[in-house]
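Source file start_10.txt; content: compact mmCIF, C-alpha atoms.
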```txt
# COMPACT_ATOMS: atom_id res chain seq x y z
CA MET Y 139 -1.30 -39.83 87.31
CA PRO Y 140 -0.28 -38.22 83.93
CA MET Y 141 -1.64 -34.70 83.58
CA ASN Y 142 -1.04 -31.87 81.15
CA VAL Y 143 -0.70 -28.29 82.31
CA VAL Y 144 -3.38 -26.17 80.65
CA TYR Y 145 -2.41 -22.88 82.30
CA GLN Y 146 -0.28 -21.77 85.20
CA SER Y 147 -0.63 -18.44 87.01
CA THR Y 148 1.40 -17.14 89.95
CA TYR Y 149 -0.42 -19.18 92.61
CA TYR Y 150 -2.54 -21.67 90.70
CA THR Y 151 -2.23 -24.35 88.04
CA LEU Y 152 -4.95 -25.83 85.85
CA TYR Y 153 -4.34 -29.37 84.63
CA GLN Y 154 -6.14 -31.66 82.22
CA SER Y 155 -6.26 -35.39 82.86
CA VAL Y 156 -6.99 -37.21 79.59
CA LYS Y 157 -7.23 -40.58 81.29
CA GLU Y 158 -9.86 -39.40 83.80
CA ARG Y 159 -11.49 -37.00 81.29
CA CYS Y 160 -11.49 -34.20 83.86
CA PHE Y 161 -9.49 -31.23 85.14
CA TYR Y 162 -7.52 -30.52 88.29
CA VAL Y 163 -6.83 -27.17 89.87
CA ASP Y 164 -3.85 -26.92 92.18
CA PHE Y 165 -4.81 -24.27 94.75
CA GLY Y 166 -1.50 -24.60 96.60
CA GLN Y 167 -2.94 -26.04 99.78
CA LYS Y 168 -5.03 -28.61 97.89
CA LEU Y 169 -5.53 -30.24 94.53
CA VAL Y 170 -9.18 -30.19 93.45
CA ARG Y 171 -10.63 -32.52 90.80
CA MET Y 172 -13.22 -30.82 88.59
CA SER Y 173 -15.49 -31.62 85.67
CA LEU Y 174 -15.88 -28.96 83.00
CA CYS Y 175 -19.27 -28.03 84.55
CA GLN Y 176 -17.57 -27.45 87.88
CA LEU Y 177 -14.89 -25.36 86.17
CA LEU Y 178 -17.63 -23.29 84.52
CA SER Y 179 -19.20 -22.80 87.93
CA LEU Y 180 -15.83 -21.74 89.38
CA ARG Y 181 -15.45 -19.30 86.49
CA HIS Y 182 -18.86 -17.77 87.21
CA LYS Y 183 -18.16 -17.43 90.94
CA VAL Y 184 -14.69 -15.97 90.50
CA LEU Y 185 -15.58 -13.53 87.73
CA SER Y 186 -18.65 -12.37 89.71
CA ILE Y 187 -16.44 -11.17 92.57
CA SER Y 188 -16.21 -7.39 92.63
CA ILE Y 189 -12.53 -6.66 93.20
CA GLU Y 190 -13.39 -2.96 93.67
CA ASP Y 191 -15.18 -3.93 96.90
CA HIS Y 192 -11.80 -5.04 98.31
CA PHE Y 193 -10.66 -1.43 98.21
CA ASP Y 194 -13.75 -0.14 100.02
CA GLY Y 195 -13.65 -0.71 103.78
CA ASP Y 196 -17.46 -0.60 104.01
CA LEU Y 197 -18.14 -3.16 101.30
CA ASN Y 198 -15.39 -5.65 102.19
CA LYS Y 199 -13.88 -4.95 105.61
CA HIS Y 200 -11.32 -7.75 105.61
CA GLY Y 201 -10.32 -8.09 101.97
CA PHE Y 202 -11.11 -11.80 101.89
CA GLU Y 203 -13.47 -13.92 99.80
CA VAL Y 204 -14.93 -17.28 100.77
CA LEU Y 205 -15.36 -19.63 97.82
CA MET Y 206 -17.35 -22.86 97.97
CA LEU Y 207 -16.48 -25.27 95.20
CA CYS Y 208 -17.78 -28.54 93.75
CA ASN Y 209 -21.17 -28.62 95.49
CA LYS Y 210 -19.76 -27.43 98.84
CA GLU Y 211 -17.08 -30.13 98.89
CA HIS Y 212 -14.29 -27.54 99.14
CA LEU Y 213 -14.07 -24.20 100.91
CA LEU Y 214 -11.35 -21.66 100.14
CA VAL Y 215 -10.57 -18.37 101.84
CA LEU Y 216 -8.65 -16.12 99.46
CA ASN Y 217 -7.18 -12.64 99.79
CA THR Y 218 -7.23 -9.86 97.20
CA LEU Y 219 -4.03 -10.90 95.42
CA GLU Y 220 -5.14 -14.53 95.29
CA ILE Y 221 -8.54 -13.55 93.87
CA LEU Y 222 -6.88 -11.40 91.20
CA ASP Y 223 -4.62 -14.29 90.30
CA LEU Y 224 -7.49 -16.78 90.27
CA LYS Y 225 -9.48 -14.49 87.96
CA HIS Y 226 -6.48 -14.39 85.65
CA MET Y 227 -5.99 -18.16 85.79
CA VAL Y 228 -9.67 -18.83 85.03
CA GLU Y 229 -9.79 -16.39 82.11
CA GLN Y 230 -6.56 -17.56 80.53
CA GLY Y 231 -7.33 -21.21 81.32
CA PHE Y 232 -10.47 -21.02 79.18
CA VAL Y 233 -8.54 -19.27 76.43
CA ALA Y 234 -5.91 -22.06 76.55
CA MET Y 235 -8.69 -24.67 76.36
CA GLY Y 236 -10.04 -23.00 73.22
CA LEU Y 237 -13.39 -22.18 74.82
CA SER Y 238 -12.78 -18.45 75.10
CA GLU Y 239 -11.49 -15.83 72.70
CA GLU Y 240 -11.13 -13.14 75.35
CA ARG Y 241 -7.65 -11.78 75.93
CA GLU Y 242 -8.71 -9.13 78.40
CA ALA Y 243 -10.67 -9.21 81.62
CA VAL Y 244 -14.28 -10.33 81.23
CA THR Y 245 -17.21 -9.95 83.60
CA VAL Y 246 -20.17 -12.30 83.98
CA MET Q 47 -3.27 -33.88 73.83
CA LYS Q 48 -6.97 -34.76 73.74
CA ASP Q 49 -9.30 -31.79 73.87
CA ILE Q 50 -11.51 -32.69 76.85
CA ALA Q 51 -12.89 -29.15 77.10
CA ARG Q 52 -14.08 -29.05 73.47
CA GLN Q 53 -15.53 -32.55 73.83
CA SER Q 54 -17.54 -31.33 76.84
CA MET Q 55 -18.75 -28.00 75.49
CA SER Q 56 -19.67 -26.94 71.97
CA ILE Q 57 -20.03 -23.15 72.28
CA LYS Q 58 -17.75 -20.35 73.43
CA VAL Q 59 -17.97 -19.12 77.02
CA GLU Q 60 -18.51 -15.56 75.79
CA SER Q 61 -21.66 -16.75 73.97
CA MET Q 62 -22.70 -18.62 77.12
CA ASP Q 63 -22.35 -15.42 79.20
CA LEU Q 64 -24.41 -13.43 76.70
CA LEU Q 65 -27.07 -16.15 76.53
CA ASN Q 66 -27.26 -16.18 80.34
CA GLY Q 67 -27.82 -12.42 80.11
CA GLN Q 68 -30.59 -13.08 77.60
CA ILE Q 69 -32.16 -15.65 79.95
CA LYS Q 70 -32.35 -12.89 82.54
CA MET Q 71 -33.82 -10.45 80.05
CA GLU Q 72 -36.54 -12.91 78.95
CA ALA Q 73 -37.36 -13.66 82.60
CA HIS Q 74 -37.57 -9.93 83.29
CA ALA Q 75 -39.89 -9.51 80.30
CA SER Q 76 -42.08 -12.37 81.54
CA ALA Q 77 -42.34 -10.78 85.01
CA THR Q 78 -43.03 -7.36 83.47
CA TYR Q 79 -45.90 -8.74 81.36
CA LEU Q 80 -47.35 -10.39 84.44
CA ALA Q 81 -47.25 -6.98 86.19
CA MET Q 82 -49.01 -5.50 83.15
CA ALA Q 83 -51.67 -8.25 83.34
CA SER Q 84 -52.18 -7.32 86.98
CA TRP Q 85 -52.59 -3.63 86.06
CA CYS Q 86 -55.07 -4.51 83.30
CA GLU Q 87 -57.14 -6.71 85.62
CA GLN Q 88 -57.28 -3.95 88.24
CA ASN Q 89 -58.27 -1.30 85.73
CA GLY Q 90 -61.01 -3.20 83.89
CA PHE Q 91 -59.05 -4.20 80.76
CA PHE Q 92 -59.83 -7.89 81.07
CA THR Q 93 -59.07 -8.92 77.45
CA SER Q 94 -55.75 -7.06 77.57
CA ALA Q 95 -55.00 -8.91 80.83
CA LYS Q 96 -55.47 -12.22 78.98
CA PHE Q 97 -53.13 -10.95 76.25
CA PHE Q 98 -50.42 -10.17 78.81
CA TYR Q 99 -50.85 -13.51 80.62
CA LYS Q 100 -50.15 -15.15 77.28
CA GLN Q 101 -47.19 -12.85 76.60
CA ALA Q 102 -45.74 -13.68 80.05
CA GLU Q 103 -45.95 -17.39 79.24
CA GLU Q 104 -44.34 -16.84 75.84
CA GLU Q 105 -41.39 -14.97 77.33
CA ARG Q 106 -40.86 -17.74 79.84
CA GLY Q 107 -40.94 -20.16 76.91
CA HIS Q 108 -38.17 -18.13 75.23
CA MET Q 109 -36.15 -18.21 78.44
CA MET Q 110 -36.47 -21.99 78.67
CA LYS Q 111 -35.48 -22.41 75.03
CA ILE Q 112 -32.17 -20.65 75.74
CA PHE Q 113 -31.75 -22.50 79.04
CA GLU Q 114 -32.13 -25.87 77.27
CA PHE Q 115 -29.76 -24.80 74.48
CA LEU Q 116 -27.08 -24.08 77.09
CA ILE Q 117 -27.70 -27.50 78.64
CA ASP Q 118 -27.47 -29.19 75.22
CA THR Q 119 -24.19 -27.47 74.41
CA GLY Q 120 -22.60 -28.40 77.76
CA GLY Q 121 -22.81 -24.87 79.17
CA ASN Q 122 -23.77 -23.58 82.58
CA PRO Q 123 -27.25 -21.97 82.47
CA LEU Q 124 -28.02 -19.76 85.45
CA SER Q 125 -31.42 -19.30 87.05
CA PRO Q 126 -32.01 -15.53 86.86
CA GLU Q 127 -32.57 -13.16 89.73
CA ILE Q 128 -35.34 -10.72 88.83
CA THR Q 129 -35.88 -7.41 90.58
CA GLY Q 130 -37.25 -3.95 89.81
CA ILE Q 131 -40.53 -4.84 88.10
CA ASN Q 132 -42.65 -1.76 87.39
CA HIS Q 133 -46.33 -2.09 88.36
CA ASP Q 134 -47.37 1.53 87.70
CA TYR Q 135 -48.78 2.67 84.38
CA SER Q 136 -50.64 5.89 83.60
CA SER Q 137 -52.96 4.37 80.95
CA ILE Q 138 -53.51 1.38 78.67
CA VAL Q 139 -51.59 3.32 75.98
CA ASP Q 140 -48.68 3.61 78.41
CA VAL Q 141 -48.84 -0.18 78.95
CA PHE Q 142 -48.59 -0.97 75.23
CA GLU Q 143 -45.96 1.70 74.56
CA SER Q 144 -43.83 0.23 77.37
CA THR Q 145 -44.35 -3.21 75.83
CA LEU Q 146 -42.99 -2.01 72.49
CA GLU Q 147 -39.98 -0.41 74.20
CA HIS Q 148 -39.35 -3.70 75.97
CA GLU Q 149 -39.56 -5.73 72.76
CA VAL Q 150 -37.20 -3.35 70.95
CA ALA Q 151 -34.68 -3.75 73.79
CA VAL Q 152 -34.97 -7.55 73.54
CA THR Q 153 -34.47 -7.39 69.76
CA LYS Q 154 -31.34 -5.24 70.15
CA SER Q 155 -29.95 -7.65 72.72
CA ILE Q 156 -30.50 -10.67 70.45
CA HIS Q 157 -28.93 -8.89 67.49
CA ASN Q 158 -25.94 -8.07 69.68
CA ILE Q 159 -25.47 -11.75 70.59
CA VAL Q 160 -25.78 -12.78 66.92
CA LYS Q 161 -23.06 -10.25 65.99
CA LYS Q 162 -20.80 -11.41 68.81
CA ALA Q 163 -21.36 -15.10 67.94
CA ARG Q 164 -20.45 -14.32 64.33
CA GLU Q 165 -17.31 -12.53 65.51
CA LEU Q 166 -16.36 -15.57 67.61
CA GLY Q 167 -17.09 -18.02 64.79
CA ASP Q 168 -19.68 -19.63 67.07
CA ILE Q 169 -21.93 -20.96 64.31
CA ALA Q 170 -24.12 -23.08 66.64
CA THR Q 171 -25.16 -20.03 68.69
CA GLU Q 172 -25.65 -17.90 65.58
CA ARG Q 173 -27.92 -20.52 63.96
CA PHE Q 174 -29.79 -21.12 67.22
CA LEU Q 175 -30.67 -17.42 67.40
CA ASP Q 176 -32.20 -17.37 63.88
CA TRP Q 177 -35.55 -18.37 65.37
CA PHE Q 178 -35.36 -15.55 67.94
CA VAL Q 179 -34.55 -12.93 65.30
CA LEU Q 180 -37.71 -13.81 63.35
CA GLU Q 181 -39.79 -14.18 66.51
CA GLN Q 182 -38.84 -10.63 67.52
CA VAL Q 183 -40.00 -9.28 64.15
CA GLU Q 184 -43.39 -10.87 64.86
CA GLU Q 185 -43.50 -9.65 68.48
CA GLU Q 186 -42.70 -6.04 67.54
CA ASN Q 187 -45.20 -6.13 64.69
CA THR Q 188 -48.00 -7.32 66.99
CA ILE Q 189 -47.48 -4.48 69.44
CA ARG Q 190 -47.15 -1.90 66.66
CA ASP Q 191 -50.46 -3.13 65.21
CA ILE Q 192 -52.14 -2.80 68.61
CA LEU Q 193 -50.77 0.74 69.01
CA ASP Q 194 -52.06 1.59 65.50
CA MET Q 195 -55.48 0.20 66.46
CA ILE Q 196 -55.46 2.36 69.63
CA GLU Q 197 -54.58 5.42 67.53
CA VAL Q 198 -57.43 4.77 65.09
CA THR Q 199 -59.99 3.92 67.79
CA GLY Q 200 -59.13 6.81 70.12
CA THR Q 201 -59.50 6.79 73.86
CA GLU Q 202 -62.57 9.02 74.17
CA GLY Q 203 -66.03 7.74 75.12
CA VAL Q 204 -66.35 4.01 74.60
CA GLY Q 205 -62.93 3.98 72.89
CA LEU Q 206 -61.18 2.31 75.82
CA GLN Q 207 -63.75 -0.47 75.95
CA MET Q 208 -63.43 -0.99 72.17
CA ILE Q 209 -59.65 -1.07 72.43
CA ASP Q 210 -59.78 -3.75 75.11
CA ASN Q 211 -62.23 -5.84 73.07
CA GLN Q 212 -60.10 -5.58 69.94
CA VAL Q 213 -56.91 -6.70 71.73
CA GLY Q 214 -58.62 -10.11 71.69
CA ASN Q 215 -57.82 -10.28 67.94
CA TRP Q 216 -54.14 -10.66 68.83
CA ILE Q 217 -54.64 -13.49 71.29
CA GLU Q 218 -53.92 -16.72 69.40
```

Now that the file is in, can you turn its structure into structure tokens?
Amino acid sequence: MPMNVVYQSTYYTLYQSVKERCFYVDFGQKLVRMSLCQLLSLRHKVLSISIEDHFDGDLNKHGFEVLMLCNKEHLLVLNTLEILDLKHMVEQGFVAMGLSEEREAVTV
Amino acid sequence: MKDIARQSMSIKVESMDLLNGQIKMEAHASATYLAMASWCEQNGFFTSAKFFYKQAEEERGHMMKIFEFLIDTGGNPLSPEITGINHDYSSIVDVFESTLEHEVAVTKSIHNIVKKARELGDIATERFLDWFVLEQVEEENTIRDILDMIEVTGTEGVGLQMIDNQVGNWIE
């Protein structure tokens, strides 16, 4: 399956598959196929996570986030460092795809 | 390498985020005007209530226009969560003054998106918002005219009743 790397962060890699006209995200433990709509949904979910809450024991006791992706087909449990990296991958992935001009952290 | 992303989406994600914010703002305006209609009904300003029912519908129409634009451009429109709607007003003047404040805030927000779209070179979003820019001029003008009419009529004696009757002139 020929795929091009769009962006690679510390833990995650975003690929584009021209043949299938879709994207893949390698989450380490699994490779998830995504349409652009699903990627946009991932972007919204990830950028909506308040990372500040991870440093407040009352707001996020365990420092984990549960992410449901692709209409509840996939469930991921990520820690603070993984969330930070995923935020970075999503932001820079959209910049690499030419759909975003942002170079710094954005919030949605 | 083929550009699958660009083929799937024709605006920038920053514009999409701002337009989703605008969807929320229009929905908030619609809910606020419904609250104003409720206040008017409960305080005997029945013509003004009709005016605000119509305004509430219009704002929802604006929201849907943006929602559909995001669909057409391959974006991800989000159904807004609306909270904190004020239902308390001290007078009919307070209602219309709050309306003008609301419209000015909406205008500023639209202008901000136009500026950002221009900065991003997002011509589709910029052109799409042309209609909203002109619509806001009309919306602000309507409320200013009503406030002028209130000023001229005065709120003493039968003034309040006259004001309510005259608001009917602005219901299309």

- Item | Spatial neighbours of Ser155 of chain Q, 10 Å, all atoms listed in the file, chain gap at least 2 places, as a PyMOL selection string | chain Q and resi 64-65+67-68+71+149-153+157-161

- Message: Taking only C-alpha atoms into account, find every residue of chain Y that has an atom no more than 8 Å from chain Q, and write it out as a list in words.
- Response: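 So the contacting residues turn out to be Asn142, Gln154, Val156, Arg159, Cys160, Leu174, Cys175, Leu178, Ser179, Met235, Gly236, Leu237, Ser238, Glu239, Glu240 and Val246 of chain Y.
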
- Item | All residues 10 Å or closer to Leu80 of chain Q, only C-alpha atoms, same chain fewer than 5 positions away omitted, as JSON, numbers by chain | {"Q": [74, 75, 85, 86, 95, 96, 98, 99, 100, 101, 102, 103, 131, 133]}

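Counting all atoms listed in the file, the residue from Y:Phe202, Y:Tyr153, Y:Tyr145, Y:Phe161 that sits nearest to Ser173 of chain Y is Y:Phe161.
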
- Task: Using all atoms listed in the file, pick whichever of Y:Met206, Y:Thr151, Y:Met172, Y:Leu177 has the shortest atom-to-atom distance to Phe232 of chain Y.
- Result: Y:Leu177

Starting from the structure just given, write a file holding chain Y with C-alpha atoms, as a PDB file, in the first residue's frame.
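Dumped to part.pdb:
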```pdb
ATOM      1  CA  MET Y 139       0.000   0.000   0.000  1.00  0.00           C
ATOM      2  CA  PRO Y 140       1.973   3.110  -1.197  1.00  0.00           C
ATOM      3  CA  MET Y 141       1.555   6.040   1.179  1.00  0.00           C
ATOM      4  CA  ASN Y 142       3.242   9.403   1.535  1.00  0.00           C
ATOM      5  CA  VAL Y 143       4.195  10.808   4.905  1.00  0.00           C
ATOM      6  CA  VAL Y 144       2.442  14.142   5.424  1.00  0.00           C
ATOM      7  CA  TYR Y 145       3.831  14.827   8.901  1.00  0.00           C
ATOM      8  CA  GLN Y 146       5.585  12.875  11.607  1.00  0.00           C
ATOM      9  CA  SER Y 147       5.689  13.865  15.277  1.00  0.00           C
ATOM     10  CA  THR Y 148       7.392  12.046  18.147  1.00  0.00           C
ATOM     11  CA  TYR Y 149       4.682   9.391  18.586  1.00  0.00           C
ATOM     12  CA  TYR Y 150       2.424   9.741  15.556  1.00  0.00           C
ATOM     13  CA  THR Y 151       2.588   9.790  11.770  1.00  0.00           C
ATOM     14  CA  LEU Y 152       0.053  11.174   9.315  1.00  0.00           C
ATOM     15  CA  TYR Y 153       0.036   9.551   5.883  1.00  0.00           C
ATOM     16  CA  GLN Y 154      -1.776  10.293   2.643  1.00  0.00           C
ATOM     17  CA  SER Y 155      -2.880   7.462   0.380  1.00  0.00           C
ATOM     18  CA  VAL Y 156      -3.393   8.796  -3.150  1.00  0.00           C
ATOM     19  CA  LYS Y 157      -4.729   5.489  -4.409  1.00  0.00           C
ATOM     20  CA  GLU Y 158      -7.429   5.266  -1.715  1.00  0.00           C
ATOM     21  CA  ARG Y 159      -7.956   9.061  -1.631  1.00  0.00           C
ATOM     22  CA  CYS Y 160      -7.778   9.072   2.169  1.00  0.00           C
ATOM     23  CA  PHE Y 161      -5.413   9.508   5.108  1.00  0.00           C
ATOM     24  CA  TYR Y 162      -3.946   7.176   7.701  1.00  0.00           C
ATOM     25  CA  VAL Y 163      -2.802   8.028  11.188  1.00  0.00           C
ATOM     26  CA  ASP Y 164      -0.324   5.684  12.824  1.00  0.00           C
ATOM     27  CA  PHE Y 165      -1.092   5.885  16.549  1.00  0.00           C
ATOM     28  CA  GLY Y 166       1.649   3.394  17.433  1.00  0.00           C
ATOM     29  CA  GLN Y 167      -0.656   0.657  18.644  1.00  0.00           C
ATOM     30  CA  LYS Y 168      -2.899   0.933  15.579  1.00  0.00           C
ATOM     31  CA  LEU Y 169      -3.134   2.384  12.103  1.00  0.00           C
ATOM     32  CA  VAL Y 170      -6.406   4.249  11.557  1.00  0.00           C
ATOM     33  CA  ARG Y 171      -7.853   5.032   8.118  1.00  0.00           C
ATOM     34  CA  MET Y 172      -9.515   8.452   7.944  1.00  0.00           C
ATOM     35  CA  SER Y 173     -11.327  10.650   5.462  1.00  0.00           C
ATOM     36  CA  LEU Y 174     -10.582  14.371   5.570  1.00  0.00           C
ATOM     37  CA  CYS Y 175     -13.892  14.879   7.455  1.00  0.00           C
ATOM     38  CA  GLN Y 176     -12.744  12.411  10.096  1.00  0.00           C
ATOM     39  CA  LEU Y 177      -9.386  14.179  10.308  1.00  0.00           C
ATOM     40  CA  LEU Y 178     -11.205  17.489  10.806  1.00  0.00           C
ATOM     41  CA  SER Y 179     -13.226  15.865  13.571  1.00  0.00           C
ATOM     42  CA  LEU Y 180     -10.025  14.542  15.186  1.00  0.00           C
ATOM     43  CA  ARG Y 181      -8.559  18.047  14.953  1.00  0.00           C
ATOM     44  CA  HIS Y 182     -11.593  19.536  16.711  1.00  0.00           C
ATOM     45  CA  LYS Y 183     -11.531  16.931  19.485  1.00  0.00           C
ATOM     46  CA  VAL Y 184      -7.796  17.163  20.093  1.00  0.00           C
ATOM     47  CA  LEU Y 185      -7.569  20.953  19.992  1.00  0.00           C
ATOM     48  CA  SER Y 186     -10.589  21.215  22.337  1.00  0.00           C
ATOM     49  CA  ILE Y 187      -8.732  19.325  25.071  1.00  0.00           C
ATOM     50  CA  SER Y 188      -7.638  21.672  27.847  1.00  0.00           C
ATOM     51  CA  ILE Y 189      -4.064  20.657  28.602  1.00  0.00           C
ATOM     52  CA  GLU Y 190      -4.106  22.975  31.646  1.00  0.00           C
ATOM     53  CA  ASP Y 191      -6.632  20.607  33.242  1.00  0.00           C
ATOM     54  CA  HIS Y 192      -3.928  17.899  33.253  1.00  0.00           C
ATOM     55  CA  PHE Y 193      -1.978  19.970  35.754  1.00  0.00           C
ATOM     56  CA  ASP Y 194      -4.961  20.452  38.071  1.00  0.00           C
ATOM     57  CA  GLY Y 195      -5.695  17.409  40.234  1.00  0.00           C
ATOM     58  CA  ASP Y 196      -9.351  18.440  40.637  1.00  0.00           C
ATOM     59  CA  LEU Y 197     -10.095  18.886  36.955  1.00  0.00           C
ATOM     60  CA  ASN Y 198      -8.221  15.840  35.638  1.00  0.00           C
ATOM     61  CA  LYS Y 199      -7.243  13.445  38.427  1.00  0.00           C
ATOM     62  CA  HIS Y 200      -5.456  10.872  36.285  1.00  0.00           C
ATOM     63  CA  GLY Y 201      -3.911  12.918  33.491  1.00  0.00           C
ATOM     64  CA  PHE Y 202      -5.519  10.806  30.780  1.00  0.00           C
ATOM     65  CA  GLU Y 203      -7.878  11.601  27.914  1.00  0.00           C
ATOM     66  CA  VAL Y 204     -10.238   9.166  26.208  1.00  0.00           C
ATOM     67  CA  LEU Y 205     -10.651   9.841  22.497  1.00  0.00           C
ATOM     68  CA  MET Y 206     -13.332   8.237  20.346  1.00  0.00           C
ATOM     69  CA  LEU Y 207     -12.557   8.361  16.658  1.00  0.00           C
ATOM     70  CA  CYS Y 208     -14.285   7.650  13.346  1.00  0.00           C
ATOM     71  CA  ASN Y 209     -17.862   7.373  14.633  1.00  0.00           C
ATOM     72  CA  LYS Y 210     -16.862   5.374  17.738  1.00  0.00           C
ATOM     73  CA  GLU Y 211     -14.941   2.799  15.692  1.00  0.00           C
ATOM     74  CA  HIS Y 212     -11.718   3.480  17.618  1.00  0.00           C
ATOM     75  CA  LEU Y 213     -11.056   4.335  21.248  1.00  0.00           C
ATOM     76  CA  LEU Y 214      -7.727   5.721  22.442  1.00  0.00           C
ATOM     77  CA  VAL Y 215      -6.523   6.420  25.960  1.00  0.00           C
ATOM     78  CA  LEU Y 216      -3.731   8.984  25.874  1.00  0.00           C
ATOM     79  CA  ASN Y 217      -1.569  10.575  28.554  1.00  0.00           C
ATOM     80  CA  THR Y 218      -0.490  14.211  28.798  1.00  0.00           C
ATOM     81  CA  LEU Y 219       2.649  13.846  26.681  1.00  0.00           C
ATOM     82  CA  GLU Y 220       0.769  11.909  24.004  1.00  0.00           C
ATOM     83  CA  ILE Y 221      -1.990  14.547  23.884  1.00  0.00           C
ATOM     84  CA  LEU Y 222       0.591  17.327  23.541  1.00  0.00           C
ATOM     85  CA  ASP Y 223       2.244  15.422  20.723  1.00  0.00           C
ATOM     86  CA  LEU Y 224      -1.073  14.670  19.027  1.00  0.00           C
ATOM     87  CA  LYS Y 225      -2.011  18.373  19.188  1.00  0.00           C
ATOM     88  CA  HIS Y 226       1.309  19.172  17.542  1.00  0.00           C
ATOM     89  CA  MET Y 227       0.863  16.484  14.875  1.00  0.00           C
ATOM     90  CA  VAL Y 228      -2.667  17.669  14.030  1.00  0.00           C
ATOM     91  CA  GLU Y 229      -1.663  21.335  13.798  1.00  0.00           C
ATOM     92  CA  GLN Y 230       1.435  20.735  11.728  1.00  0.00           C
ATOM     93  CA  GLY Y 231      -0.297  18.050   9.656  1.00  0.00           C
ATOM     94  CA  PHE Y 232      -2.860  20.596   8.464  1.00  0.00           C
ATOM     95  CA  VAL Y 233      -0.091  23.092   7.757  1.00  0.00           C
ATOM     96  CA  ALA Y 234       1.736  20.427   5.700  1.00  0.00           C
ATOM     97  CA  MET Y 235      -1.486  19.687   3.800  1.00  0.00           C
ATOM     98  CA  GLY Y 236      -1.802  23.377   2.915  1.00  0.00           C
ATOM     99  CA  LEU Y 237      -5.108  23.770   4.757  1.00  0.00           C
ATOM    100  CA  SER Y 238      -3.699  25.811   7.624  1.00  0.00           C
ATOM    101  CA  GLU Y 239      -1.412  28.816   7.818  1.00  0.00           C
ATOM    102  CA  GLU Y 240      -0.939  28.589  11.569  1.00  0.00           C
ATOM    103  CA  ARG Y 241       2.596  28.033  12.801  1.00  0.00           C
ATOM    104  CA  GLU Y 242       1.754  28.331  16.468  1.00  0.00           C
ATOM    105  CA  ALA Y 243      -0.740  26.593  18.713  1.00  0.00           C
ATOM    106  CA  VAL Y 244      -4.378  27.203  17.791  1.00  0.00           C
ATOM    107  CA  THR Y 245      -7.519  26.654  19.827  1.00  0.00           C
ATOM    108  CA  VAL Y 246     -10.964  25.734  18.518  1.00  0.00           C
TER     109      VAL Y 246
END
```
